[in-house]
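Chemist: So that we are looking at the same thing, I have put the structure below in structure tokens.
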2 protein chains.
Amino acid sequence: MLTVSTALRAVFAGLCLLAAGLAAAPALAEDGYELWLRYRPATHARAVTELVAAAATPAQAAARAELLRGLAGMSGHRPPLSDTVTRTGAVIVGTAASSPVVARLRLDTADLGREGYLIRSVVVDGYAATIIAANEDIGALYGAFHFLRLLQTGQTLDDLDVLEAPKVQLRVLDHWDNLDRFVERGYAGASIWDWHKLPDWRDPRYTDYARANASVGINGAVLNNVNANALILAPMYLEKVAALADVFRPWGIRIYLSARFSAPIEIGGLQTADPLDPTVRRWWRDKADEIYRHVPDFGGFLVKANSEGQPGPQDYGRSHADGANMLAEALAAHGGVVMWRAFVYSNEQPDDRAKQAYSEFVPLDGKFRDNVLVQVKNGAIDFQPREPFHPLFGAMPRTPLMMEFQITKEYLGFATHLAYLGPLYEETLRADTRARGEGSTVAKVIDGSLHADNLPGGAPTGMAGVANIGADRNWSGSHFDQANWYAFGRLAWNPQLSSQAIAGDWVRMTFSNDSAFVRPVVDMMMASREAVVDYMTPLGLHHLMGRGHHYGPGPWIAGGPRADWTSVYYHRADEDGIGFDRSATGSDAVAQYALPVAQIFGDAERVPEKFLLWFHHLPWDHDTRSGRTLWHELVHRYTRGVDTVMRMRATWDGLKGHVDAERHAQVAAFLTIQHKEAHWWRDASIAYWQRINGLPLPPGETPPPRPLEYYESLEFPYAPGGG
Amino acid sequence: MLTVSTALRAVFAGLCLLAAGLAAAPALAEDGYELWLRYRPATHARAVTELVAAAATPAQAAARAELLRGLAGMSGHRPPLSDTVTRTGAVIVGTAASSPVVARLRLDTADLGREGYLIRSVVVDGYAATIIAANEDIGALYGAFHFLRLLQTGQTLDDLDVLEAPKVQLRVLDHWDNLDRFVERGYAGASIWDWHKLPDWRDPRYTDYARANASVGINGAVLNNVNANALILAPMYLEKVAALADVFRPWGIRIYLSARFSAPIEIGGLQTADPLDPTVRRWWRDKADEIYRHVPDFGGFLVKANSEGQPGPQDYGRSHADGANMLAEALAAHGGVVMWRAFVYSNEQPDDRAKQAYSEFVPLDGKFRDNVLVQVKNGAIDFQPREPFHPLFGAMPRTPLMMEFQITKEYLGFATHLAYLGPLYEETLRADTRARGEGSTVAKVIDGSLHADNLPGGAPTGMAGVANIGADRNWSGSHFDQANWYAFGRLAWNPQLSSQAIAGDWVRMTFSNDSAFVRPVVDMMMASREAVVDYMTPLGLHHLMGRGHHYGPGPWIAGGPRADWTSVYYHRADEDGIGFDRSATGSDAVAQYALPVAQIFGDAERVPEKFLLWFHHLPWDHDTRSGRTLWHELVHRYTRGVDTVMRMRATWDGLKGHVDAERHAQVAAFLTIQHKEAHWWRDASIAYWQRINGLPLPPGETPPPRPLEYYESLEFPYAPGGG
């Protein structure tokens with residue numbers, strides 16, 4: 001314990017940073033490992049003078065340890081622990097059960113539920129103090145992180161009156177991690193799950209992973225790829241899973257596993273996986289019992305069935321509901337849930353893949369067991385830079401629908417493109433399904449409020465994000481991709497939050513509270529996703545990426561096993577026009593939306609221009625709202641996207657002094673790559689459209705520097721994450 | 001720059017460590033990233049008062065930066081730079097060309113060559129100083145690292161008189177890294193080469209890699225797997241390779257590539273890769289020219305041909321010499337070399353695989369171009385825990401033979417078994433081939449001295465190590481595996497060094513100079529490889545590991561595509577006895593050794609017992625030197641191996657206070673795994689031998705806790721690095 005005086009300590013802390021920076025650069029380098037939990041010196045942290053916090057349970061110990069770590073980092077001293085409040089500036093954390101001080105205050109915690117908390121400025125025994133109180137340990141932990149965030153973002157501790165409870169119950173990361181540590185659609189290195197060394201070696205990184213998740217309220221993790229390997233359910237792996245569950249438990253994270261539907265055959269030795277076969281049902285019940293012996297708080301199964309070649313109940317002439325309900329029955333006794341993915345498409349060529357999930361699932365509404373959630377991607381195609389909201393939202397009033405966002409940037413430039421996805425998530429969550437009149441937002445579908453009267457009592461709610469986490473030192477492949485993990489967690493806790501406010505918090509916690517830095521960086525982030533849309537797929541275009549790996553432009557992609565794995569299927573460009581007619585004159589996918597929405601989307605004059613070519617096939621000379629022809633508007637937007645990235649580079653270059661050199665350099669290098677690749681996208685796309693439409697470029701636009709054949713010739717057999 | 005006084009600074013540095021430890025634990029944690037270049041406070045570092053070092057070239061800048069980093073870390077202050085010596089305690093580094101001070105001293109540097117250096121206590125302008133001088137910048141860099149090592153290992157700077165020059169020219173790491181970042185036989189995570197982000201993003205880790213290598217004198221890196229992908233030679237990858245070469249150049253590291261022999265077909269569009277075909281020869285010449293345009297100091301090619309399914313000259317009825325010479329011709333104009341691997345075995349079943357490389361290569365002695373080295377594994381099978389030296393050493397007097405050691409522990413327990421390989425390397429290097437009478441050690445073959453009169457003038461010499469490096473934070477998968485990288489480098493510089501002395505240096509630099517720590521840890525390291533031999537393959541047994549991945553015991557492995565990929569092929573155990581008869585009564589592999597060696601190895605009474613079953617098939621009741629029967633001796637050694645690991649655990653547990661908690665915990669956890677797996681090896685092996693010989697255990701030995709069937713049933717489809 002340090003004994004230097006408080007006055008000396010401040011000077012000394014500053015000097016330390018200087019000296020340490022000189023003496024041991026590599027160990028102190030800002031390499032991003034600490035994420036948004038850096039706990040660097042913060043203005044108001046020194047107001048905390050003591051900590052009243054129990055540590056009788058692992059969760060209590062976690063909250064106390066995090067507060068000590070955070071306060072020590074931010075104030076330069078570790079606050080003393082106390083059983084009672086003995087001075088002004090105390091912080092009390094706990095539940096009525098864990099803390100006599102909390103019990104004595106007789107707080108009204110009725111609205112907090114199991115995971116909520118309040119943070120309040122109070123007076124205890126005559127001393128001004130801050131209380132972080134909850135009904136359960138996990139709520140107190142979440143409150144502790146919220147309290148630390150207040151300090152991290154430069155807020156004072158005066159007159160605090162915070163009351164928070166999550167609006168969504170299951171806030172889950174889906175890891176598409178294979179047992180060989182390959183991460184499908186992963187751009188941050190190998191899987192962080194070092195299966196070979198588990199269960200004996202519990203990498204401290206697992207704890208840091210859990211801390212980071214808990215800090216934003218994420219309370220579940222699906223450890224393995226939805227394209228699942230049945231072996232994860234074998235005893236050898238369950239031992240490993242149990243070790244991870246032990247690490248995660250104090251941080252409120254429950255483990256889920258992707259279950260391969262044919263596991264009874266592959267590891268069970270059965271002849272069938274028919275969900276109505278009694279031996280199959282028994283096998284899954286026994287398997288569930290076995291899992292819960294290893295992991296008593298196991299969360300449940302995520303299932304991708306009858307999609308992209310995965311086995312499923314339809315292999316036996318059964319429905320998705322039959323399959324999901326069988327698994328749900330096996331889990332029900334233990335309190336587990338089934339998250340059954342709606343991202344299905346059959347092996348037959350559909351007339352419009354966008355329609356398929358709706359067609360298959362709407363008839364099943366009301367047929368699922370109470371502990372089943374249907375997990376629906378934000379849009380009907382596949383995690384594009386922009387999609388209209390999925391028509392299933394609002395269309396299954398008697399079924400809990402769980403959102404599936406992609407955090408990893410499969411279609412948004414991998415790790416090197418700066419694209420803050422908060423606005424994408426927000427755009428979807430705020431989309432109005434009109435299912436029950438105006439204000440029937442997707443967020444209200446997800447949090448269960450829109451159809452509360454139709455859903456079974458206590459129906460689960462959930463939001464999943466496909467993780468962007470790997471063994472890279474900075475976790476997410478780039479510093480700015482950490483923001484997408486962060487934003488997902490915050491929005492899963494409260495789908496009504498503003499993505500801009502979240503970005504502000506993240507920038508302050510991750511980089512700096514200096515407003516000369518925060519403002520331009522938040523602006524840059526907020527514009528970044530639109531830039532990707534512009535330079536990749538403007539005006540509602542979609543799915544034009546390289547085949548398989550989805551890296552780089554591939555609007556020319558055609559042929560191969562299925563039409564809906566090509567680009568030409570989606571853009572339908574010819575000499576006369578471009579776009580997928582999903583209006584009544586085309587596939588009529590618009591009819592899957594509620595009527596007021598369908599009327600807007602189905603009308604080329606009323607549809608938001610950002611969805612124009614998603615829903616309509618239009619002539620190249622179609623007039624857009626800017627007054628430009630469709631062709632000129634397209635080119636304009638490609639160029640605008642590139643220009644935005646150029647400005648992002650300039651913004652970042654101008655912030656050099658505001659951020660550590662190491663992170664500045666990496667972000668700058670990645671922005672350079674992004675700029676180059678944005679140009680590549682623009683140039684290749686324009687070259688391709690020109691071959692099709694034979695039109696000249698608008699005046700002032702630079703022609704692609706290379707012939708189309710060059711762009712078509714590029715191959716990337718080892719692009720990461722593929723696919 | 002700090003302005004606090006020197007006196008204050010010392011107190012302050014100590015306090016800083018304390019404070020930083022509290023405030024920002026994760027960033028400061030000892031996670032192994034810094035390797036042996038930690039530069040923590042060192043007793044004698046404060047004797048350095050100023051630094052006289054030019055930085056006019058990148059290599060000079062590298063040396064100066066490393067000295068500043070090291071001295072700042074070890075002394076707590078960054079020494080001032082000066083152009084001349086102005087005080088006692090100056091350190092001067094450079095060449096006569098780069099430094100007027102060095103030039104003025106007129107040192108005799110004739111024996112230093114291009115890479116050597118001297119470090120000497122001198123008086124300059126009346127001041128006691130230390131000079132680090134060389135003929136070339138790279139020598140000065142090596143000298144700087146040597147100087148830092150003196151301080152790191154607690155040595156004084158008094159009366160220094162060091163003169164060092166490498167005994168081996170090419171000191172190379174072979175990375176078995178695929179373009180998708182999978183590392184064959186890698187146990188430290190994904191490849192550190194992030195090909196997708198190259199050439200634009202130059203990860204700072206590449207520089208740290210180069211620094212670590214330069215610090216031990218490694219001057220080359222083969223970037224890609226010997227099971228090569230031709231694409232590495234395509235323009236897109238050559239740009240990436242060039243970026244790495246730029247990073248490595250200041251640190252004296254040249255890049256080599258594994259060349260796929262059929263590349264002219266696969267990426268050149270030719271119909272053949274026949275080495276005598278003029279279009280093929282032209283293709284390789286053009287390719288070499290192209291490579292050198294990208295990488296002017298490119299080192300050359302490593303080739304695995306006609307081995308384990310790789311293409312090669314024999315596919316066209318040509319010899320290894322034909323193939324190697326074609327490539328060598330293409331490289332010769334640029335100063336490149338070909339490292340042609342002798343690890344070949346044909347697709348036909350050999351009578352004894354141990355004999356094959358010798359049979360194929362000895363007839364080619366003298367037929368290779370001057371810039372070809374034949375790269376020979378330390379033993380004739382495949383990187384076993386123990387092998388007798390390869391019979392090719394000493395048998396090709398007119399060909400430069402390059403050593404290939406394996407640093408990654410494919411057959412020695414992967415990353416979780418503590419096995420210091422220094423003694424393995426030393427055992428091989430000191431083995432006496434008797435090719436030119438006593439003292440004809442393998443080391444003398446490698447350094448070219450044994451056959452200097454037969455070799456062409458200026459013939460290259462070399463030593464390669466198959467790297468154990470990956471993206472894991474600690475580089476090598478475990479802290480102690482770093483020692484194997486380190487030891488390889490030191491022995492490649494000087495094959496006569498003692499592995500124990502190297503271990504001492506490494507422990508001091510990596511952990512602590514405290515002799516209460518250094519001594520037991522060095523002892524533990526020195527015993528560790530023998531422990532692995534004992535619990536895996538005692539008494540000359542070999543190649544009994546799990547099929548493919550080589551993880552865990554598999555003495556029962558039989559069947560499959562080739563006999564020499566099974567265990568039964570190698571142990572030949574039956575009711576009557578065990579061992580591979582390679583004496584004159586058997587395969588007569590002993591005849592490949594020089595006569596005095598062959599006579600010893602071929603005689604079951606004279607052969608060193610550690611090689612007993614390598615060369616002889618003996619009855620279970622054969623008397624061994626201990627007086628025990630062969631069976632009892634075998635069991636005794638298995639148990640001894642397990643006991644040694646148990647003692648290693650106890651030793652390490654007792655050192656808890658001497659080392660940071662984070663590294664202590666990981667090593668302890670890995671030792672626990674090793675202990676468990678050592679037991680597994682012993683138990684499974686004994687259970688298997690007992691089924692074959694039906695013999696009871698020696699008195700006092702614990703029987704295997706499970707039946708043989710259990711051990712046989714274990715499967716590890718996702719064991720890392722396989723295979």
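Chain labels A, B, ... are given in the sequence in which chains occur in the structure tokens; within each chain residues are numbered consecutively from 1, and ligands are likewise numbered from 1 in the order shown.
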Show me, as a short mmCIF file (atom, residue, chain, number, x, y, z; two decimals) with N, CA, C and O atoms, in the first residue's frame, the residues that have an atom within 6 Å of Gly336 in chain A when counting only C-alpha atoms, minus same-chain residues fewer than 2 positions from it.
Modeler:
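File part-v2.cif, as written:
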data_model
loop_
_atom_site.label_atom_id
_atom_site.label_comp_id
_atom_site.auth_asym_id
_atom_site.auth_seq_id
_atom_site.Cartn_x
_atom_site.Cartn_y
_atom_site.Cartn_z
N GLY A 299 -27.35 -21.78 -20.59
CA GLY A 299 -28.40 -20.93 -21.12
C GLY A 299 -29.33 -21.62 -22.11
O GLY A 299 -30.53 -21.35 -22.12
N GLY A 300 -28.76 -22.48 -22.95
CA GLY A 300 -29.60 -23.16 -23.93
C GLY A 300 -28.89 -23.30 -25.27
O GLY A 300 -27.67 -23.13 -25.36
N LEU A 331 -34.77 -28.81 -22.61
CA LEU A 331 -34.15 -27.77 -21.79
C LEU A 331 -35.08 -27.21 -20.72
O LEU A 331 -34.62 -26.61 -19.74
N ALA A 332 -36.39 -27.38 -20.94
CA ALA A 332 -37.35 -26.64 -20.13
C ALA A 332 -37.19 -26.90 -18.63
O ALA A 332 -37.23 -25.96 -17.82
N HIS A 334 -34.73 -27.36 -16.99
CA HIS A 334 -33.56 -26.70 -16.42
C HIS A 334 -33.59 -25.19 -16.60
O HIS A 334 -32.65 -24.51 -16.21
#
Chemist: Identify, on the basis of only C-alpha atoms, every residue whose closest approach to range 699-707 of chain B does not exceed 9 Å; exclude the query and any residue fewer than 5 positions from it along the same chain; express the result as a ChimeraX atom specification.
Modeler: /B:635-636,639,679-680,682-684,686-687
Chemist: Choose the residue, out of A:His175, A:Arg120, A:His417, A:Arg640, that has the smallest atom-to-atom separation from His479 in chain A; count only C-alpha atoms.
Modeler: A:His417
Chemist: Extract, using only C-alpha atoms, all DNA, RNA and protein residues at most 8 Å from Thr43 in chain A, discarding same-chain residues fewer than 6 positions from it, and format them as a list in words.
Modeler: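 Within the cut-off, the hits are Met74, Ser75, Leu151 and Gly154 of chain A.
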Chemist: Distance CA of Gln674 in chain B-CA of Thr408 in chain B, one decimal place?
Modeler: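 Distance reported for this atom pair: 16.2 Å.
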Chemist: If we count only C-alpha atoms and set the cut-off at 10 Å, which residues sit around Arg625 in chain B, ignoring sequence neighbours fewer than 5 positions away in its own chain? Please answer as a PyMOL selection string.
Modeler: chain B and resi 605+609+630+633
Chemist: Contacts of Arg281 in chain A at 12 Å or less, counting only C-alpha atoms, minus same-chain residues fewer than 4 places along, as number ranges by chain?
Modeler: A: 261, 263-264, 268, 270, 272-277, 285-288, 322-331
